[in-house]
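Data block for protein.pdb (PDB, C-alpha atoms):
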MODEL        1
ATOM      1  CA  MET A   1     -40.106  43.778  16.997
ATOM      2  CA  ARG A   2     -39.921  41.511  13.973
ATOM      3  CA  GLY A   3     -37.381  39.360  15.799
ATOM      4  CA  ARG A   4     -39.654  39.118  18.835
ATOM      5  CA  ARG A   5     -42.628  38.069  16.724
ATOM      6  CA  LEU A   6     -40.540  35.403  15.027
ATOM      7  CA  THR A   7     -39.071  34.180  18.319
ATOM      8  CA  TRP A   8     -42.355  33.994  20.197
ATOM      9  CA  THR A   9     -44.250  32.542  17.243
ATOM     10  CA  THR A  10     -41.627  29.826  16.811
ATOM     11  CA  GLY A  11     -41.608  29.049  20.520
ATOM     12  CA  GLY A  12     -45.395  29.099  20.730
ATOM     13  CA  VAL A  13     -45.807  26.748  17.784
ATOM     14  CA  GLY A  14     -43.217  24.447  19.356
ATOM     15  CA  LEU A  15     -45.137  24.294  22.637
ATOM     16  CA  ILE A  16     -48.406  23.646  20.814
ATOM     17  CA  ALA A  17     -46.743  20.870  18.797
ATOM     18  CA  ALA A  18     -45.428  19.346  22.030
ATOM     19  CA  GLY A  19     -48.947  19.392  23.480
ATOM     20  CA  VAL A  20     -50.421  17.754  20.390
ATOM     21  CA  ALA A  21     -47.695  15.084  20.388
ATOM     22  CA  GLY A  22     -48.421  14.412  24.055
ATOM     23  CA  MET A  23     -52.125  13.966  23.381
ATOM     24  CA  LEU A  24     -51.358  11.588  20.540
ATOM     25  CA  GLN A  25     -49.030   9.673  22.847
ATOM     26  CA  SER A  26     -51.763   9.233  25.462
ATOM     27  CA  ALA A  27     -54.186   8.144  22.747
ATOM     28  CA  THR A  28     -51.868   5.411  21.441
ATOM     29  CA  PRO A  29     -50.612   3.564  24.550
ATOM     30  CA  GLY A  30     -48.465   0.540  23.855
ATOM     31  CA  SER A  31     -48.192   1.201  20.124
ATOM     32  CA  SER A  32     -44.975   1.511  18.149
ATOM     33  CA  LEU A  33     -45.462   5.288  18.107
ATOM     34  CA  THR A  34     -45.547   5.702  21.878
ATOM     35  CA  ASP A  35     -41.791   5.943  22.381
ATOM     36  CA  VAL A  36     -41.342   8.107  19.286
ATOM     37  CA  LEU A  37     -44.011  10.532  20.457
ATOM     38  CA  ALA A  38     -42.524  10.625  23.967
ATOM     39  CA  VAL A  39     -39.169  11.666  22.523
ATOM     40  CA  ALA A  40     -40.907  14.178  20.256
ATOM     41  CA  VAL A  41     -42.607  15.797  23.253
ATOM     42  CA  ASP A  42     -39.292  16.220  25.068
ATOM     43  CA  VAL A  43     -37.479  17.562  22.006
ATOM     44  CA  LEU A  44     -40.244  19.968  20.948
ATOM     45  CA  TRP A  45     -40.727  21.319  24.462
ATOM     46  CA  ALA A  46     -36.998  21.711  25.051
ATOM     47  CA  ALA A  47     -36.512  23.474  21.717
ATOM     48  CA  ALA A  48     -39.414  25.843  22.385
ATOM     49  CA  VAL A  49     -38.145  26.776  25.859
ATOM     50  CA  LEU A  50     -34.648  27.382  24.482
ATOM     51  CA  VAL A  51     -36.100  29.668  21.802
ATOM     52  CA  PHE A  52     -37.974  31.687  24.423
ATOM     53  CA  ALA A  53     -34.964  31.838  26.737
ATOM     54  CA  ILE A  54     -32.327  32.819  24.177
ATOM     55  CA  GLY A  55     -34.287  34.588  21.446
ATOM     56  CA  SER A  56     -32.675  36.273  18.484
ATOM     57  CA  SER A  57     -31.556  39.111  20.788
ATOM     58  CA  SER A  58     -31.915  40.241  24.388
ATOM     59  CA  HIS A  59     -35.047  42.164  23.364
ATOM     60  CA  ASP A  60     -36.693  38.932  22.188
ATOM     61  CA  SER A  61     -35.689  36.714  25.111
ATOM     62  CA  VAL A  62     -38.456  36.411  27.707
ATOM     63  CA  THR A  63     -35.782  36.854  30.373
ATOM     64  CA  ALA A  64     -33.948  39.620  28.467
ATOM     65  CA  ARG A  65     -30.994  37.185  28.520
ATOM     66  CA  ARG A  66     -30.316  38.062  32.138
ATOM     67  CA  PRO A  67     -28.119  35.246  33.463
ATOM     68  CA  PHE A  68     -30.225  34.040  36.401
ATOM     69  CA  GLY A  69     -33.479  33.455  34.557
ATOM     70  CA  THR A  70     -31.924  32.509  31.234
ATOM     71  CA  ILE A  71     -29.675  29.832  32.706
ATOM     72  CA  ALA A  72     -32.603  28.457  34.705
ATOM     73  CA  LEU A  73     -34.726  28.107  31.562
ATOM     74  CA  ILE A  74     -31.879  26.561  29.573
ATOM     75  CA  LEU A  75     -31.244  23.961  32.290
ATOM     76  CA  LEU A  76     -34.977  23.306  32.541
ATOM     77  CA  ALA A  77     -35.225  22.772  28.787
ATOM     78  CA  LEU A  78     -32.353  20.292  28.819
ATOM     79  CA  TRP A  79     -33.530  18.432  31.923
ATOM     80  CA  SER A  80     -36.000  15.993  30.333
ATOM     81  CA  PRO A  81     -33.716  15.044  27.404
ATOM     82  CA  ALA A  82     -30.855  14.585  29.878
ATOM     83  CA  MET A  83     -32.988  12.322  32.088
ATOM     84  CA  ARG A  84     -33.942  10.299  29.023
ATOM     85  CA  VAL A  85     -30.259   9.802  28.196
ATOM     86  CA  VAL A  86     -29.499   8.844  31.807
ATOM     87  CA  GLY A  87     -32.330   6.305  31.645
ATOM     88  CA  LEU A  88     -30.511   4.467  28.874
ATOM     89  CA  PHE A  89     -27.888   3.433  31.433
ATOM     90  CA  GLN A  90     -30.435   2.137  33.935
ATOM     91  CA  ASP A  91     -29.967  -1.555  34.723
ATOM     92  CA  PRO A  92     -33.342  -3.251  34.072
ATOM     93  CA  ALA A  93     -32.551  -5.761  36.820
ATOM     94  CA  ASN A  94     -31.931  -3.008  39.370
ATOM     95  CA  PRO A  95     -35.100  -1.168  40.454
ATOM     96  CA  THR A  96     -33.118   1.589  42.169
ATOM     97  CA  PRO A  97     -33.012   4.597  39.819
ATOM     98  CA  ILE A  98     -29.666   6.126  38.955
ATOM     99  CA  ILE A  99     -30.942   9.518  40.063
ATOM    100  CA  PRO A 100     -33.234   9.557  43.122
ATOM    101  CA  TRP A 101     -36.825  10.497  42.348
ATOM    102  CA  GLU A 102     -36.619  13.363  44.858
ATOM    103  CA  VAL A 103     -33.928  14.962  42.702
ATOM    104  CA  THR A 104     -35.952  14.502  39.519
ATOM    105  CA  ILE A 105     -38.811  16.416  41.145
ATOM    106  CA  VAL A 106     -37.067  19.131  43.169
ATOM    107  CA  ILE A 107     -34.557  20.340  40.563
ATOM    108  CA  PRO A 108     -36.961  20.944  37.635
ATOM    109  CA  LEU A 109     -39.482  22.495  40.031
ATOM    110  CA  ALA A 110     -36.854  24.875  41.406
ATOM    111  CA  LEU A 111     -35.701  25.785  37.887
ATOM    112  CA  SER A 112     -39.312  26.372  36.850
ATOM    113  CA  VAL A 113     -39.983  28.672  39.790
ATOM    114  CA  VAL A 114     -36.862  30.715  39.052
ATOM    115  CA  GLY A 115     -37.768  30.894  35.368
ATOM    116  CA  VAL A 116     -41.366  32.042  35.766
ATOM    117  CA  VAL A 117     -40.478  34.603  38.440
ATOM    118  CA  GLN A 118     -37.761  36.094  36.244
ATOM    119  CA  ILE A 119     -40.099  36.219  33.250
ATOM    120  CA  ALA A 120     -42.564  38.205  35.342
ATOM    121  CA  ARG A 121     -39.905  40.511  36.817
ATOM    122  CA  VAL A 122     -37.908  41.539  33.751
ATOM    123  CA  GLY A 123     -40.991  42.879  31.967
ATOM    124  CA  VAL A 124     -40.213  41.794  28.404
ATOM    125  CA  VAL A 125     -43.508  39.920  28.166
ATOM    126  CA  PRO A 126     -46.538  42.286  28.054
ATOM    127  CA  ARG A 127     -48.138  42.922  31.431
ATOM    128  CA  ARG A 128     -51.327  41.006  30.702
ATOM    129  CA  TRP A 129     -49.379  37.839  29.817
ATOM    130  CA  ARG A 130     -46.247  37.891  31.974
ATOM    131  CA  TRP A 131     -47.717  35.889  34.866
ATOM    132  CA  MET A 132     -49.227  33.202  32.632
ATOM    133  CA  PRO A 133     -46.139  30.921  32.891
ATOM    134  CA  ALA A 134     -46.428  31.105  36.690
ATOM    135  CA  ILE A 135     -50.138  30.269  36.499
ATOM    136  CA  ALA A 136     -49.401  27.324  34.189
ATOM    137  CA  LEU A 137     -46.766  26.085  36.639
ATOM    138  CA  GLY A 138     -49.276  26.375  39.477
ATOM    139  CA  VAL A 139     -51.795  24.320  37.507
ATOM    140  CA  GLN A 140     -49.143  21.682  36.823
ATOM    141  CA  VAL A 141     -48.081  21.409  40.454
ATOM    142  CA  ALA A 142     -51.663  21.343  41.717
ATOM    143  CA  SER A 143     -52.751  18.701  39.205
ATOM    144  CA  VAL A 144     -49.839  16.413  40.057
ATOM    145  CA  ALA A 145     -50.352  16.880  43.791
ATOM    146  CA  LEU A 146     -54.086  16.170  43.567
ATOM    147  CA  GLY A 147     -53.433  13.147  41.373
ATOM    148  CA  GLN A 148     -50.996  11.746  43.916
ATOM    149  CA  LEU A 149     -53.437  12.327  46.760
ATOM    150  CA  LEU A 150     -56.163  10.476  44.878
ATOM    151  CA  MET A 151     -53.873   7.487  44.342
ATOM    152  CA  MET A 152     -52.637   7.284  47.941
ATOM    153  CA  ASP A 153     -55.657   5.340  49.218
ATOM    154  CA  PRO A 154     -55.381   1.745  47.902
ATOM    155  CA  GLY A 155     -59.083   1.256  48.506
ATOM    156  CA  THR A 156     -60.138   3.966  46.064
ATOM    157  CA  ALA A 157     -57.132   4.028  43.748
ATOM    158  CA  MET A 158     -58.819   1.967  41.055
ATOM    159  CA  GLN A 159     -61.884   4.201  41.071
ATOM    160  CA  THR A 160     -59.890   7.439  40.869
ATOM    161  CA  VAL A 161     -57.197   6.427  38.383
ATOM    162  CA  GLY A 162     -59.141   8.013  35.525
ATOM    163  CA  LEU A 163     -59.486  11.316  37.384
ATOM    164  CA  ALA A 164     -55.814  11.285  38.341
ATOM    165  CA  SER A 165     -54.894  10.704  34.705
ATOM    166  CA  ALA A 166     -57.150  13.568  33.609
ATOM    167  CA  LEU A 167     -55.500  15.883  36.132
ATOM    168  CA  GLY A 168     -52.082  14.910  34.812
ATOM    169  CA  THR A 169     -53.210  15.659  31.271
ATOM    170  CA  LEU A 170     -54.554  19.044  32.384
ATOM    171  CA  GLY A 171     -51.210  19.955  33.935
ATOM    172  CA  PHE A 172     -49.322  18.821  30.854
ATOM    173  CA  LEU A 173     -51.535  20.822  28.497
ATOM    174  CA  ALA A 174     -51.261  23.923  30.683
ATOM    175  CA  GLY A 175     -47.481  23.938  30.211
ATOM    176  CA  THR A 176     -47.513  23.113  26.500
ATOM    177  CA  LEU A 177     -50.657  23.866  24.511
ATOM    178  CA  GLY A 178     -51.821  26.572  26.929
ATOM    179  CA  LEU A 179     -48.561  28.510  27.019
ATOM    180  CA  GLY A 180     -48.134  28.077  23.271
ATOM    181  CA  ILE A 181     -51.494  29.749  22.663
ATOM    182  CA  VAL A 182     -50.596  32.506  25.149
ATOM    183  CA  ALA A 183     -47.362  33.166  23.251
ATOM    184  CA  LEU A 184     -49.241  33.564  19.969
ATOM    185  CA  LEU A 185     -51.797  35.838  21.633
ATOM    186  CA  ALA A 186     -48.983  37.944  23.092
ATOM    187  CA  VAL A 187     -47.501  38.348  19.620
ATOM    188  CA  ALA A 188     -50.877  39.292  18.131
ATOM    189  CA  SER A 189     -51.592  41.812  20.895
ATOM    190  CA  GLU A 190     -48.398  43.750  20.156
ATOM    191  CA  ARG A 191     -48.812  44.084  16.391
ATOM    192  CA  PRO A 192     -51.161  47.080  16.149
ATOM    193  CA  ALA A 193     -49.055  49.260  18.443
ATOM    194  CA  SER A 194     -45.681  48.270  17.067
ATOM    195  CA  VAL A 195     -46.017  47.939  13.297
ATOM    196  CA  PRO A 196     -45.847  51.309  11.482
ATOM    197  CA  VAL A 197     -48.276  51.556   8.590
ATOM    198  CA  TYR A 198     -47.470  55.069   7.427
ATOM    199  CA  SER A 199     -44.462  57.218   8.182
ATOM    200  CA  SER A 200     -43.639  60.740   7.166
ATOM    201  CA  PRO A 201     -40.349  61.654   5.455
ATOM    202  CA  ASN A 202     -39.298  63.375   8.681
ATOM    203  CA  ASP A 203     -39.652  60.187  10.795
TER     204      ASP A 203
ENDMDL
END
Show how you would write the structure in this file as structure tokens.
Amino acid sequence: MRGRRLTWTTGGVGLIAAGVAGMLQSATPGSSLTDVLAVAVDVLWAAAVLVFAIGSSSHDSVTARRPFGTIALILLALWSPAMRVVGLFQDPANPTPIIPWEVTIVIPLALSVVGVVQIARVGVVPRRWRWMPAIALGVQVASVALGQLLMMDPGTAMQTVGLASALGTLGFLAGTLGLGIVALLAVASERPASVPVYSSPND
């Protein structure tokens, strides 16, 4: 249990740090810190997801280290850093992206769906919290979809850009700050039932 507390606390703090870095990034557009904070968000989020996926043992991994869910989470964690590296080879004079935008949307979404379903199915995460990653993913997808719908009408795009941005921020925070807090709450909820205070010599 000590390993699980350490794993989930580390992962939770990492997600919270990623959320805070993202908020700082949105608050400092165009500054010299923008790119640094963007990289920090990717690195912190990726590290946190890897911690949750691998854990210090199979008992600490949110997927119990079962191959299907664990591999999905590992690939998901590495996706954003990998896309950032690929972007370094993008020709500024060529507007066509190296990787089609459809791929950059479908693959991480598919990996996310596999990951959250496996987290819920394996039962390592306490019952009251195990569907929270799926809920956070739903919030993210809904916020992005609504934001895109608001921006589709050129006549109202300028009036709704602030709302679309707020929806994007909500989705981002759901998958970082929100899940980080859930992880810490999950750790706290297990302590009373799992930490022995007194034990008899016969135990």
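Counting from CA of Ala46 (chain A), the distance to CA of Thr104 (chain A) is 16.2 Å.
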Please, what distance in Å, to one decimal, runs between CA of Val20 (chain A) and CA of Ile107 (chain A)?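 Computed distance, CA of Val20 (chain A) to CA of Ile107 (chain A), equals 25.8 Å.
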I want to know what sits within 9 Å of region 131-139 of chain A, based on all atoms listed in the file, with residues of the same chain fewer than 6 positions away left out; could you give that as a ChimeraX atom specification? /A:109,112-113,115-117,119-120,125,170-176,178-179,182
Atomic separation - CA of Thr63 (chain A) relative to CA of Arg4 (chain A), Å: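 Value for the CA of Arg4 (chain A)-CA of Thr63 (chain A) distance: 12.4 Å.
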With only C-alpha atoms as the basis for distance, which of A:Leu24, A:Val49, A:Ala164, A:Ile16 is at the shortest distance from Ala142 (chain A)?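 Among A:Leu24, A:Val49, A:Ala164, A:Ile16, it is A:Ala164 that comes nearest to Ala142 (chain A).
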Could you list the residues chosen by the PyMOL selection byres ((chain A and resi 43) around 9) in this structure as a list in words? Ala18, Ala38, Val39, Ala40, Val41, Asp42, Leu44, Trp45, Ala46, Ala47, Ala48, Ala77, Leu78, Ser80 and Pro81 of chain A
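Each of A:Thr169, A:Ala188, A:Pro154, A:Thr70 was compared to Val141 (chain A) using all atoms listed in the file, and A:Thr169 turns out to be the nearest.
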With distances taken over only C-alpha atoms, which residue among A:Leu146, A:Glu102, A:Gly155, A:Leu184 lies nearest Leu167 (chain A)?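 Of A:Leu146, A:Glu102, A:Gly155, A:Leu184, the one nearest Leu167 (chain A), counting only C-alpha atoms, is A:Leu146.
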Distance criterion (only C-alpha atoms): nearest to Ser189 (chain A) out of A:Pro126, A:Gly87, A:Gly22, A:Gly30: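 That would be A:Pro126, the residue with the smallest distance to Ser189 (chain A).
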Care to translate the PyMOL selection byres ((chain A and resi 60) around 10) into actual residues of this file, as an MDAnalysis selection string? chainID A and resid 1:8 51:59 61:65 124:125
Could you check which of A:Val36, A:Ala186, A:Leu150, A:Ala166 is closest to Arg127 (chain A), using only C-alpha atoms? A:Ala186
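Among the candidate residues A:Ala93, A:Ile71, A:Leu50, A:Val13, the one lying nearest to Gly180 (chain A) is A:Val13, with distances computed using all atoms listed in the file.
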Restricted to C-alpha atoms, what does region 12-118 of chain A look like when written out as a compact mmCIF listing (two decimals), in the first residue's frame?
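Final file, selection_5.txt:
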# COMPACT_ATOMS: atom_id res chain seq x y z
CA GLY A 12 -1.31 13.25 -8.95
CA VAL A 13 1.18 15.99 -8.13
CA GLY A 14 2.56 15.69 -11.67
CA LEU A 15 -0.89 16.18 -13.20
CA ILE A 16 -1.60 19.15 -10.94
CA ALA A 17 1.76 20.68 -11.89
CA ALA A 18 0.92 20.18 -15.57
CA GLY A 19 -2.40 21.97 -15.05
CA VAL A 20 -0.74 24.88 -13.26
CA ALA A 21 1.91 25.17 -15.98
CA GLY A 22 -0.84 25.20 -18.59
CA MET A 23 -2.68 28.00 -16.82
CA LEU A 24 0.52 30.00 -16.58
CA GLN A 25 1.10 29.40 -20.29
CA SER A 26 -2.34 30.77 -21.19
CA ALA A 27 -1.74 33.76 -18.93
CA THR A 28 1.56 34.68 -20.62
CA PRO A 29 0.86 34.49 -24.38
CA GLY A 30 3.72 35.58 -26.59
CA SER A 31 6.23 35.85 -23.75
CA SER A 32 9.59 34.12 -23.57
CA LEU A 33 8.09 31.63 -21.11
CA THR A 34 5.33 30.43 -23.43
CA ASP A 35 7.39 27.79 -25.23
CA VAL A 36 9.09 26.68 -22.02
CA LEU A 37 5.76 26.24 -20.27
CA ALA A 38 4.32 24.37 -23.26
CA VAL A 39 7.18 21.88 -23.08
CA ALA A 40 6.77 21.66 -19.30
CA VAL A 41 3.09 20.76 -19.69
CA ASP A 42 3.90 17.93 -22.10
CA VAL A 43 6.75 16.58 -19.97
CA LEU A 44 4.87 16.77 -16.66
CA TRP A 45 1.73 15.19 -18.08
CA ALA A 46 3.66 12.43 -19.84
CA ALA A 47 5.68 11.66 -16.71
CA ALA A 48 2.56 11.54 -14.55
CA VAL A 49 0.73 9.18 -16.93
CA LEU A 50 3.78 6.91 -17.11
CA VAL A 51 3.91 6.78 -13.30
CA PHE A 52 0.24 5.79 -13.13
CA ALA A 53 0.60 3.23 -15.91
CA ILE A 54 3.77 1.50 -14.69
CA GLY A 55 3.76 2.09 -10.93
CA SER A 56 6.30 0.58 -8.59
CA SER A 57 4.56 -2.80 -8.98
CA SER A 58 1.51 -4.32 -10.65
CA HIS A 59 -0.48 -3.54 -7.48
CA ASP A 60 0.28 0.18 -7.87
CA SER A 61 -0.34 0.47 -11.62
CA VAL A 62 -3.83 1.76 -12.41
CA THR A 63 -4.02 -0.90 -15.12
CA ALA A 64 -2.40 -3.62 -12.96
CA ARG A 65 0.29 -3.66 -15.68
CA ARG A 66 -2.01 -5.64 -17.94
CA PRO A 67 -0.55 -5.24 -21.44
CA PHE A 68 -3.55 -3.78 -23.28
CA GLY A 69 -4.26 -0.86 -20.98
CA THR A 70 -0.67 -0.29 -19.90
CA ILE A 71 0.67 -0.06 -23.44
CA ALA A 72 -2.17 2.27 -24.39
CA LEU A 73 -1.32 4.64 -21.53
CA ILE A 74 2.40 4.52 -22.27
CA LEU A 75 1.81 5.37 -25.94
CA LEU A 76 -0.61 8.11 -24.92
CA ALA A 77 1.95 9.61 -22.54
CA LEU A 78 4.62 9.66 -25.24
CA TRP A 79 2.33 10.99 -27.97
CA SER A 80 2.57 14.73 -27.26
CA PRO A 81 6.37 14.76 -26.77
CA ALA A 82 6.72 12.70 -29.95
CA MET A 83 4.54 15.15 -31.90
CA ARG A 84 6.64 18.01 -30.58
CA VAL A 85 9.79 16.30 -31.86
CA VAL A 86 8.15 15.64 -35.23
CA GLY A 87 7.21 19.32 -35.41
CA LEU A 88 10.88 20.25 -35.36
CA PHE A 89 11.20 18.75 -38.84
CA GLN A 90 8.24 20.66 -40.24
CA ASP A 91 9.20 22.92 -43.15
CA PRO A 92 7.96 26.43 -42.27
CA ALA A 93 7.42 27.12 -45.98
CA ASN A 94 5.21 24.05 -46.38
CA PRO A 95 1.79 24.38 -44.70
CA THR A 96 1.05 20.67 -45.10
CA PRO A 97 1.75 18.96 -41.76
CA ILE A 98 4.05 15.96 -41.68
CA ILE A 99 1.37 13.96 -39.91
CA PRO A 100 -2.24 14.59 -41.03
CA TRP A 101 -4.38 16.31 -38.42
CA GLU A 102 -6.87 13.43 -38.55
CA VAL A 103 -4.15 11.11 -37.27
CA THR A 104 -3.17 13.51 -34.48
CA ILE A 105 -6.77 13.45 -33.27
CA VAL A 106 -7.87 9.85 -33.80
CA ILE A 107 -4.84 8.04 -32.36
CA PRO A 108 -4.62 9.82 -28.97
CA LEU A 109 -8.41 9.63 -28.64
CA ALA A 110 -8.38 5.89 -29.30
CA LEU A 111 -5.52 5.38 -26.83
CA SER A 112 -7.38 7.45 -24.24
CA VAL A 113 -10.56 5.42 -24.63
CA VAL A 114 -8.66 2.15 -24.25
CA GLY A 115 -6.81 3.50 -21.22
CA VAL A 116 -9.82 4.79 -19.29
CA VAL A 117 -11.88 1.66 -20.01
CA GLN A 118 -9.07 -0.58 -18.77
